[in-house]
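Colleague: start35.cif is the file, holding mmCIF, C-alpha atoms and all ligand atoms:
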```
data_entry
loop_
_atom_site.label_atom_id
_atom_site.label_comp_id
_atom_site.auth_asym_id
_atom_site.auth_seq_id
_atom_site.Cartn_x
_atom_site.Cartn_y
_atom_site.Cartn_z
CA MET A 1 44.76 45.58 -10.42
CA LYS A 2 43.97 45.25 -6.74
CA ALA A 3 41.11 47.73 -7.14
CA LEU A 4 39.70 45.77 -10.08
CA LYS A 5 39.87 42.49 -8.14
CA PHE A 6 38.11 44.11 -5.19
CA PHE A 7 35.46 45.57 -7.52
CA LEU A 8 34.84 42.17 -9.17
CA ARG A 9 34.63 40.46 -5.81
CA MET A 10 32.15 43.03 -4.46
CA TRP A 11 30.12 42.80 -7.67
CA GLY A 12 29.97 39.04 -7.32
CA PHE A 13 28.86 39.42 -3.71
CA ILE A 14 26.09 41.90 -4.58
CA VAL A 15 24.77 39.74 -7.46
CA GLY A 16 24.89 36.72 -5.14
CA MET A 17 22.90 38.51 -2.44
CA VAL A 18 20.28 39.70 -4.93
CA LEU A 19 19.85 36.15 -6.29
CA THR A 20 19.61 34.73 -2.77
CA PHE A 21 16.88 37.13 -1.68
CA ALA A 22 15.03 36.75 -5.00
CA ALA A 23 14.90 33.01 -4.41
CA LEU A 24 13.33 33.39 -0.96
CA PRO A 25 9.54 33.16 -0.99
CA VAL A 26 7.91 36.52 -0.51
CA GLY A 27 4.58 36.83 1.30
CA GLU A 28 2.81 33.85 2.82
CA CYS A 29 5.08 30.92 3.57
CA LYS A 30 3.37 27.71 4.65
CA PHE A 31 4.88 24.55 5.94
CA ASP A 32 3.30 21.60 7.63
CA VAL A 33 4.87 21.26 11.07
CA ASP A 34 3.55 17.74 11.60
CA ASP A 35 4.62 16.54 8.19
CA ILE A 36 8.15 17.61 9.02
CA ARG A 37 7.91 16.24 12.54
CA SER A 38 6.63 12.85 11.40
CA ALA A 39 9.96 12.25 9.70
CA PHE A 40 11.58 12.20 13.12
CA ILE A 41 8.93 11.22 15.60
CA GLU A 42 8.41 7.72 14.20
CA GLU A 43 11.90 6.90 15.37
CA VAL A 44 10.87 7.25 19.00
CA GLU A 45 7.10 7.16 19.46
CA GLU A 46 4.02 6.08 17.59
CA ILE A 47 2.76 9.07 15.65
CA ASP A 48 -0.88 8.46 16.57
CA LYS A 49 -0.21 8.60 20.29
CA THR A 50 -1.77 11.61 22.05
CA THR A 51 0.59 14.52 22.60
CA TYR A 52 0.06 16.58 25.74
CA VAL A 53 0.52 20.33 25.66
CA ILE A 54 1.59 21.57 29.07
CA GLY A 55 2.94 24.73 30.70
CA HIS A 56 5.02 25.28 33.83
CA THR A 57 4.22 24.26 37.41
CA CYS A 58 2.49 26.89 39.61
CA PRO A 59 0.50 27.64 36.44
CA ASP A 60 -0.39 31.22 35.55
CA SER A 61 -2.95 32.34 32.97
CA ASP A 62 -0.53 32.41 30.03
CA THR A 63 0.69 28.89 30.77
CA VAL A 64 -2.84 27.44 31.01
CA CYS A 65 -4.46 29.40 28.17
CA SER A 66 -1.60 28.93 25.69
CA ALA A 67 -1.67 25.16 26.37
CA ILE A 68 -5.44 25.03 25.70
CA ALA A 69 -5.23 27.23 22.59
CA TYR A 70 -2.26 25.39 21.11
CA ALA A 71 -3.86 21.97 21.68
CA ASN A 72 -6.98 23.36 19.97
CA LEU A 73 -4.94 24.47 16.96
CA LYS A 74 -3.28 21.06 16.73
CA GLN A 75 -6.68 19.33 16.88
CA LYS A 76 -7.85 21.50 13.98
CA LEU A 77 -4.76 20.35 12.08
CA ASN A 78 -5.80 16.74 12.83
CA VAL A 79 -3.10 16.06 15.37
CA LYS A 80 -4.06 14.10 18.50
CA CYS A 81 -3.34 16.72 21.11
CA GLU A 82 -4.74 17.54 24.53
CA PRO A 83 -3.93 20.29 27.05
CA ARG A 84 -2.85 19.43 30.59
CA ILE A 85 -1.93 21.42 33.72
CA SER A 86 0.59 20.48 36.38
CA GLY A 87 -0.89 22.43 39.30
CA LYS A 88 -4.01 24.15 40.60
CA ILE A 89 -5.13 27.14 38.50
CA ASN A 90 -5.16 30.55 40.16
CA LYS A 91 -8.16 32.88 40.58
CA GLU A 92 -7.28 35.00 37.55
CA THR A 93 -7.12 31.98 35.24
CA ASP A 94 -10.33 30.66 36.75
CA PHE A 95 -12.01 33.99 35.88
CA ILE A 96 -10.76 33.90 32.26
CA LEU A 97 -11.85 30.28 31.68
CA LYS A 98 -15.30 30.82 33.21
CA TYR A 99 -15.81 34.12 31.36
CA PHE A 100 -15.26 32.42 28.00
CA ASP A 101 -16.87 29.13 29.05
CA VAL A 102 -13.77 26.99 28.59
CA ASP A 103 -13.05 23.92 30.76
CA ALA A 104 -9.85 23.82 32.79
CA PRO A 105 -7.50 21.11 31.46
CA PRO A 106 -7.12 17.94 33.56
CA LEU A 107 -4.22 17.76 36.01
CA ILE A 108 -1.31 15.47 35.26
CA ASP A 109 1.33 14.86 37.92
CA ASN A 110 3.79 12.77 35.96
CA ILE A 111 4.52 13.03 32.25
CA SER A 112 7.09 10.25 31.83
CA GLY A 113 6.66 8.11 28.74
CA GLN A 114 4.38 10.65 27.02
CA ASN A 115 4.80 12.84 23.95
CA ILE A 116 4.74 16.44 25.14
CA ILE A 117 4.81 19.98 23.86
CA LEU A 118 6.10 22.51 26.40
CA VAL A 119 4.60 25.96 26.38
CA ASP A 120 5.64 29.03 28.39
CA HIS A 121 8.79 27.46 29.90
CA ASN A 122 12.00 25.79 28.79
CA VAL A 123 13.68 24.61 31.96
CA SER A 124 13.20 21.33 33.81
CA ALA A 125 13.02 23.07 37.23
CA GLN A 126 9.68 24.58 36.14
CA ALA A 127 8.45 21.49 34.29
CA VAL A 128 6.04 18.79 35.39
CA SER A 129 7.60 15.68 37.03
CA GLY A 130 8.81 12.97 34.70
CA ILE A 131 10.04 15.44 32.06
CA GLU A 132 13.40 13.61 31.83
CA ALA A 133 11.60 10.43 30.72
CA ALA A 134 9.14 12.14 28.37
CA CYS A 135 9.43 12.66 24.63
CA VAL A 136 9.55 16.43 24.06
CA VAL A 137 8.35 17.14 20.53
CA GLU A 138 8.00 20.94 20.58
CA ILE A 139 8.77 23.93 22.79
CA ILE A 140 6.97 27.25 22.39
CA ASP A 141 8.17 29.93 24.76
CA HIS A 142 9.09 33.55 25.46
CA HIS A 143 11.60 33.21 28.33
CA ASN A 144 15.40 33.30 28.65
CA LEU A 145 17.08 30.07 27.58
CA PHE A 146 18.54 27.83 30.27
CA GLY A 147 18.99 24.83 28.02
CA ASP A 148 18.56 21.79 30.22
CA ILE A 149 15.60 20.14 28.46
CA LYS A 150 16.70 17.18 26.35
CA SER A 151 14.93 15.78 23.30
CA LYS A 152 15.37 12.41 21.57
CA THR A 153 15.00 13.87 18.08
CA PRO A 154 15.31 17.29 16.42
CA ILE A 155 12.29 19.32 17.53
CA PHE A 156 10.40 22.50 16.76
CA TYR A 157 11.64 25.11 19.15
CA LEU A 158 9.80 28.37 18.71
CA THR A 159 10.96 31.14 21.01
CA MET A 160 10.32 34.86 20.60
CA PRO A 161 11.11 37.88 22.76
CA VAL A 162 7.46 38.91 23.18
CA GLY A 163 5.23 39.58 26.19
CA SER A 164 3.39 36.26 26.29
CA THR A 165 3.36 32.76 24.85
CA SER A 166 -0.24 33.34 23.74
CA THR A 167 1.02 35.97 21.30
CA ILE A 168 3.16 33.28 19.65
CA ILE A 169 0.22 30.83 19.59
CA TRP A 170 -1.87 33.56 17.87
CA LEU A 171 0.86 33.77 15.23
CA CYS A 172 0.79 29.96 14.82
CA TYR A 173 -2.95 30.07 14.05
CA ARG A 174 -2.28 32.68 11.38
CA GLN A 175 0.68 30.84 9.95
CA ASN A 176 -1.46 27.72 9.59
CA ASN A 177 -4.39 29.73 8.27
CA VAL A 178 -6.74 28.36 10.96
CA ALA A 179 -9.65 30.55 12.08
CA ILE A 180 -9.65 31.42 15.80
CA ASP A 181 -13.02 30.85 17.48
CA LYS A 182 -14.49 33.17 20.08
CA LYS A 183 -13.56 31.03 23.08
CA MET A 184 -9.93 30.53 22.04
CA ALA A 185 -9.64 34.24 21.16
CA GLY A 186 -11.00 35.16 24.59
CA ILE A 187 -8.60 33.03 26.61
CA MET A 188 -5.56 34.11 24.54
CA PHE A 189 -6.66 37.74 24.96
CA GLY A 190 -6.91 37.28 28.75
CA ALA A 191 -3.52 35.56 28.86
CA ILE A 192 -1.78 38.35 26.94
CA LEU A 193 -3.28 40.99 29.26
CA SER A 194 -2.20 38.93 32.26
CA ASP A 195 1.43 38.49 31.15
CA THR A 196 1.81 42.12 29.99
CA ASP A 197 -0.15 43.84 32.80
CA ASN A 198 -2.76 45.05 30.31
CA LEU A 199 -0.11 45.82 27.65
CA ARG A 200 1.77 48.16 30.00
CA SER A 201 4.76 46.10 31.17
CA ALA A 202 8.25 46.82 29.83
CA ASN A 203 8.31 43.55 27.84
CA THR A 204 5.17 44.39 25.83
CA THR A 205 5.92 44.45 22.08
CA ASN A 206 3.92 45.79 19.15
CA LEU A 207 3.20 42.20 18.23
CA ASP A 208 1.51 41.63 21.61
CA LYS A 209 -0.60 44.74 21.01
CA GLU A 210 -1.55 43.61 17.51
CA ALA A 211 -2.46 40.13 18.78
CA ALA A 212 -4.50 41.52 21.69
CA GLU A 213 -6.37 43.91 19.41
CA ASN A 214 -7.24 41.17 16.93
CA LEU A 215 -8.26 38.69 19.66
CA GLN A 216 -10.33 41.32 21.49
CA LYS A 217 -12.37 41.85 18.32
CA ILE A 218 -12.99 38.11 17.80
CA ALA A 219 -13.86 37.67 21.48
CA ALA A 220 -16.25 40.66 21.27
CA ILE A 221 -14.86 42.42 24.35
CA ALA A 222 -15.98 46.04 24.17
CA ASP A 223 -13.69 47.62 26.76
CA ARG A 224 -10.22 46.21 27.35
CA ASN A 225 -9.49 48.16 30.55
CA LYS A 226 -12.82 47.23 32.09
CA PHE A 227 -12.25 43.56 31.29
CA PHE A 228 -8.75 43.72 32.79
CA VAL A 229 -9.96 45.24 36.08
CA GLU A 230 -12.72 42.60 36.33
CA MET A 231 -10.16 39.92 35.62
CA GLU A 232 -7.90 41.19 38.43
CA ARG A 233 -10.63 41.87 41.02
CA ASP A 234 -10.79 38.37 42.48
CA PHE A 235 -7.10 37.78 41.99
CA THR A 236 -6.19 40.82 44.09
CA SER A 237 -8.82 40.35 46.80
CA TYR A 238 -6.69 37.82 48.74
CA ASP A 239 -9.96 36.72 50.26
CA GLY A 240 -9.64 34.32 53.15
CA MET A 241 -5.83 34.44 53.07
CA SER A 242 -3.54 35.12 56.02
CA GLU A 243 -0.87 37.86 55.75
CA ARG A 244 1.81 35.20 55.53
CA GLU A 245 0.01 33.47 52.64
CA ILE A 246 -0.37 36.80 50.82
CA ILE A 247 3.33 37.62 51.19
CA PHE A 248 4.48 34.23 49.94
CA THR A 249 2.09 34.07 46.95
CA ASP A 250 4.63 35.67 44.59
CA PHE A 251 7.93 35.42 46.40
CA LYS A 252 11.55 35.28 45.22
CA GLU A 253 14.84 35.31 47.04
CA PHE A 254 18.33 36.43 46.10
CA CYS A 255 21.69 36.80 47.82
CA ALA A 256 24.08 39.72 47.45
CA GLY A 257 27.03 41.05 49.44
CA GLY A 258 26.63 38.11 51.80
CA ARG A 259 23.06 39.05 52.65
CA ARG A 260 19.95 37.06 52.02
CA CYS A 261 17.09 39.10 50.57
CA GLY A 262 13.43 38.18 50.19
CA TRP A 263 11.24 39.88 47.62
CA SER A 264 7.46 39.65 47.63
CA THR A 265 5.10 41.18 45.07
CA VAL A 266 1.45 41.75 45.86
CA ALA A 267 -1.11 43.38 43.57
CA THR A 268 -4.04 45.62 44.42
CA LEU A 269 -6.79 47.11 42.27
CA ASN A 270 -6.63 50.79 43.22
CA LEU A 271 -5.05 53.32 45.55
CA ALA A 272 -7.50 52.77 48.42
CA GLU A 273 -6.85 49.01 48.36
CA ARG A 274 -3.12 49.57 48.13
CA ASP A 275 -3.19 51.69 51.27
CA ASN A 276 -5.31 49.15 53.14
CA LEU A 277 -3.13 46.21 52.21
CA LYS A 278 0.04 48.16 52.96
CA VAL A 279 -1.10 48.89 56.52
CA ARG A 280 -2.21 45.28 57.04
CA LEU A 281 1.07 43.78 55.77
CA ASP A 282 3.19 46.33 57.60
CA ASP A 283 1.51 45.50 60.93
CA PHE A 284 2.21 41.83 60.28
CA MET A 285 5.84 42.39 59.21
CA GLN A 286 6.69 44.42 62.34
CA LYS A 287 6.30 41.18 64.32
CA PHE A 288 7.09 38.61 61.63
CA PHE A 289 10.48 40.01 60.56
CA ALA A 290 12.24 39.03 63.79
CA THR A 291 11.03 35.43 63.45
CA GLN A 292 12.25 34.73 59.91
CA GLU A 293 15.65 34.12 58.29
CA PHE A 294 16.09 36.84 55.67
CA ASP A 295 18.49 39.72 56.35
CA MET A 296 16.31 42.01 54.27
CA PHE A 297 12.71 41.68 53.28
CA PHE A 298 10.99 43.77 50.62
CA ILE A 299 7.31 43.84 49.68
CA LYS A 300 6.29 45.59 46.48
CA VAL A 301 2.62 46.57 46.68
CA HIS A 302 1.64 47.02 43.08
CA GLU A 303 -1.47 48.94 42.04
CA ILE A 304 -3.20 48.11 38.79
CA GLU A 305 -5.27 51.23 38.09
CA SER A 306 -2.44 53.77 37.99
CA TYR A 307 0.29 51.18 37.34
CA THR A 308 2.39 52.48 40.22
CA ALA A 309 3.84 50.64 43.21
CA GLU A 310 5.07 51.20 46.72
CA ILE A 311 7.86 49.22 48.37
CA LEU A 312 7.98 48.22 52.04
CA ALA A 313 11.50 47.47 53.31
CA TYR A 314 12.54 45.59 56.47
CA GLY A 315 15.94 44.77 57.99
CA ALA A 316 19.06 46.73 58.97
CA ASP A 317 19.91 49.32 56.24
CA ALA A 318 17.16 47.91 54.01
CA ARG A 319 15.67 51.35 53.48
CA GLU A 320 19.06 52.97 52.78
CA ILE A 321 20.05 50.19 50.38
CA LEU A 322 16.75 50.46 48.52
CA SER A 323 16.88 54.22 48.11
CA ALA A 324 20.52 54.04 46.95
CA ALA A 325 19.75 51.20 44.52
CA LEU A 326 16.75 52.88 42.91
CA GLY A 327 17.72 56.51 43.44
CA LEU A 328 14.50 57.05 45.38
CA THR A 329 14.10 60.24 47.33
CA ASP A 330 10.48 59.69 48.30
CA GLU A 331 10.41 58.28 51.82
CA ASN A 332 7.43 56.04 51.08
CA PHE A 333 9.31 54.41 48.17
CA ILE A 334 6.63 55.07 45.60
CA LEU A 335 7.51 53.87 42.10
CA GLU A 336 5.78 56.08 39.55
CA THR A 337 6.24 53.43 36.90
CA ASN A 338 6.22 49.77 37.71
CA ILE A 339 9.91 48.81 37.41
CA PRO A 340 10.26 45.05 36.73
CA ASN A 341 11.28 42.99 39.78
CA LYS A 342 14.34 41.60 37.99
CA LYS A 343 15.65 45.11 37.40
CA ILE A 344 15.13 46.10 41.04
CA ALA A 345 16.81 42.89 42.24
CA ARG A 346 19.80 43.65 39.97
CA ALA A 347 20.06 47.21 41.33
CA ILE A 348 19.89 46.02 44.96
CA THR A 349 22.46 43.30 44.24
CA ALA A 350 24.86 45.83 42.69
CA THR A 351 24.45 48.19 45.66
CA LEU A 352 25.10 45.42 48.20
CA GLU A 353 28.11 44.08 46.27
CA ASN A 354 29.56 47.61 46.11
CA LEU A 355 29.11 48.09 49.83
CA LYS A 356 30.95 44.83 50.41
CA LEU A 357 33.86 46.04 48.25
CA VAL A 358 34.07 49.31 50.17
CA ALA A 359 33.89 47.52 53.53
MN MN B 1 4.15 33.63 29.82
#
```
Please express what this file holds, its structure, as structure tokens.

Modeller:
Amino acid sequence: MKALKFFLRMWGFIVGMVLTFAALPVGECKFDVDDIRSAFIEEVEEIDKTTYVIGHTCPDSDTVCSAIAYANLKQKLNVKCEPRISGKINKETDFILKYFDVDAPPLIDNISGQNIILVDHNVSAQAVSGIEAACVVEIIDHHNLFGDIKSKTPIFYLTMPVGSTSTIIWLCYRQNNVAIDKKMAGIMFGAILSDTDNLRSANTTNLDKEAAENLQKIAAIADRNKFFVEMERDFTSYDGMSEREIIFTDFKEFCAGGRRCGWSTVATLNLAERDNLKVRLDDFMQKFFATQEFDMFFIKVHEIESYTAEILAYGADAREILSAALGLTDENFILETNIPNKKIARAITATLENLKLVA
């Protein structure tokens, strides 16, 4: 009896599942984002007010290009949308925009009272000022969730674990069946290469590769590697910058085992440039270290051509800690593959915490 009951229940479950999946649309599924949104947005803001698409502060190429490309898509869908930036664009982004003849978005330093779509970030610490008094209507992002952005209504929140926000924007064009023009394809292509280190970083997915391949074709770029090196040439030249400025361009800090650690990442084009920059920064650090407040200071000199890196370490036991954390035997701390900074920071943290336990 029990067996029969179980059988009937399972049968019911299987039939139910088959009916459920049969009822789901197969193939292309279209929905009008702004039609759905209009049901909510009228409660808080006039629907015909301009919506600003904006990325994080200290803008990088993905933040700027995804804002431009998403605003462009919205315009094609007859939504009043304009891209904005909340800080000066860097040399790499400047190269991408000039290469594809696209204007940089205007700067905005306070967003309060405006309708906004956030791209490439989801946390107020990285958002433009006035975010707490703005009306967030969409978020499109590929980062961890921190969850402190508030909205007045239900919103579209599109987040995917992919290498760049531009990959998601590419999907949005396809979902809405909107053709991507050459300029938009070019800047999204550049942004994907920037965020994924030319499709080589650990967070690069097949979807990023598919998007980049499709966008490269539309943008008529013959050689992806050549374009990437050109794109990075200016960015890695550090022309007219002091050693201190170079070190603090991409700088993070973390604390572990009661010690304060500084982590700087610098990029170079090839081996010869890596060696030059290494010597220059090392000379500077020999004097600078004693004058600053970190217990340990690491500089990862990344090299684009071979996708390898070398780490410089300063402070008592810094070299021992680093080799223990990463299992490095090479005395120059060469990384044959470019291990993500977060992973290295976690390994160093664990090593320092362990030492503290032992002590
Ligand atoms: Mn990004």

Colleague: Ranking A:Ser264, A:Thr159, A:Thr63, A:Thr351 by minimum distance to ligand MN 1 (chain B) and counting all atoms listed in the file, which one comes first?

Modeller: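 Looking at the shortest contact to ligand MN 1 (chain B), the residue is A:Thr63.
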
Colleague: Which residues of chain A have any atom within 10 Å of an atom in ligand MN 1 (chain B) when counting all atoms listed in the file, and what is the closest pair of atoms for each, with the distance in Å to one decimal? Order the rows by chain and rising number and write it as a tab-separated table.

Modeller:
```
residue	atom	partner	partner_atom	distance
A:Gly55	CA	B:MN1	MN	9.0
A:His56	CA	B:MN1	MN	9.3
A:Pro59	CA	B:MN1	MN	9.6
A:Asp60	CA	B:MN1	MN	7.7
A:Ser61	CA	B:MN1	MN	7.9
A:Asp62	CA	B:MN1	MN	4.8
A:Thr63	CA	B:MN1	MN	5.9
A:Val64	CA	B:MN1	MN	9.4
A:Cys65	CA	B:MN1	MN	9.7
A:Ser66	CA	B:MN1	MN	8.5
A:Val119	CA	B:MN1	MN	8.4
A:Asp120	CA	B:MN1	MN	5.0
A:His121	CA	B:MN1	MN	7.7
A:Asp141	CA	B:MN1	MN	7.4
A:His142	CA	B:MN1	MN	6.6
A:His143	CA	B:MN1	MN	7.6
A:Val162	CA	B:MN1	MN	9.1
A:Gly163	CA	B:MN1	MN	7.1
A:Ser164	CA	B:MN1	MN	4.5
A:Thr165	CA	B:MN1	MN	5.1
A:Ser166	CA	B:MN1	MN	7.5
A:Thr167	CA	B:MN1	MN	9.4
A:Ala191	CA	B:MN1	MN	8.0
A:Ile192	CA	B:MN1	MN	8.1
A:Ser194	CA	B:MN1	MN	8.6
A:Asp195	CA	B:MN1	MN	5.7
A:Thr196	CA	B:MN1	MN	8.8
```

Colleague: When distances are computed from all atoms listed in the file, which of A:Tyr307, A:Phe298, A:Phe235, A:Tyr173 shows the smallest separation from Asp197 of chain A?

Modeller: A:Tyr307

Colleague: Could you tell me how far atom CA of Pro106 of chain A lies from atom CA of Arg224 of chain A, in Å and to one decimal?

Modeller: 29.1 Å

Colleague: Extract, using only C-alpha atoms, all DNA, RNA and protein residues at most 12 Å from Leu73 of chain A, discarding same-chain residues fewer than 2 positions from it, and format them as an MDAnalysis selection string.

Modeller: chainID A and resid 33 53 66:71 75:83 169:181 184:185

Colleague: Scan for residues within 8 Å of the point (1.4, 57.0, 35.3) in the coordinates of the file, using all atoms listed in the file, and reply as an NGL selection string.

Modeller: :A and (306-308 or 336-337)

Colleague: Given the selection you just returned, output its residues as a file containing C-alpha atoms, formatted as a compact mmCIF listing (two decimals), in the coordinates of the input.

Modeller:
```
# COMPACT_ATOMS: atom_id res chain seq x y z
CA SER A 306 -2.44 53.77 37.99
CA TYR A 307 0.29 51.18 37.34
CA THR A 308 2.39 52.48 40.22
CA GLU A 336 5.78 56.08 39.55
CA THR A 337 6.24 53.43 36.90
```

Colleague: In Å, with one decimal, what is the gap from atom CA of Val229 of chain A to atom CA of Ile85 of chain A?

Modeller: 25.2 Å

Colleague: Of the candidates A:Leu158, A:Leu97, A:Ile54, A:Ala350, which one gets nearest to Asp109 of chain A if we count all atoms listed in the file?

Modeller: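 The closest residue to Asp109 of chain A is A:Ile54.
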
Colleague: Residues around (18.1, 14.7, 31.8), cut-off 10 Å, counting all atoms listed in the file - what are they as a PyMOL selection string?

Modeller: chain A and resi 124+130-134+148-151

Colleague: Mind pulling up the distance from atom CA of Ile299 of chain A to atom CA of Leu312 of chain A?

Modeller: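 Between atom CA of Leu312 of chain A and atom CA of Ile299 of chain A the gap is 5.0 Å.
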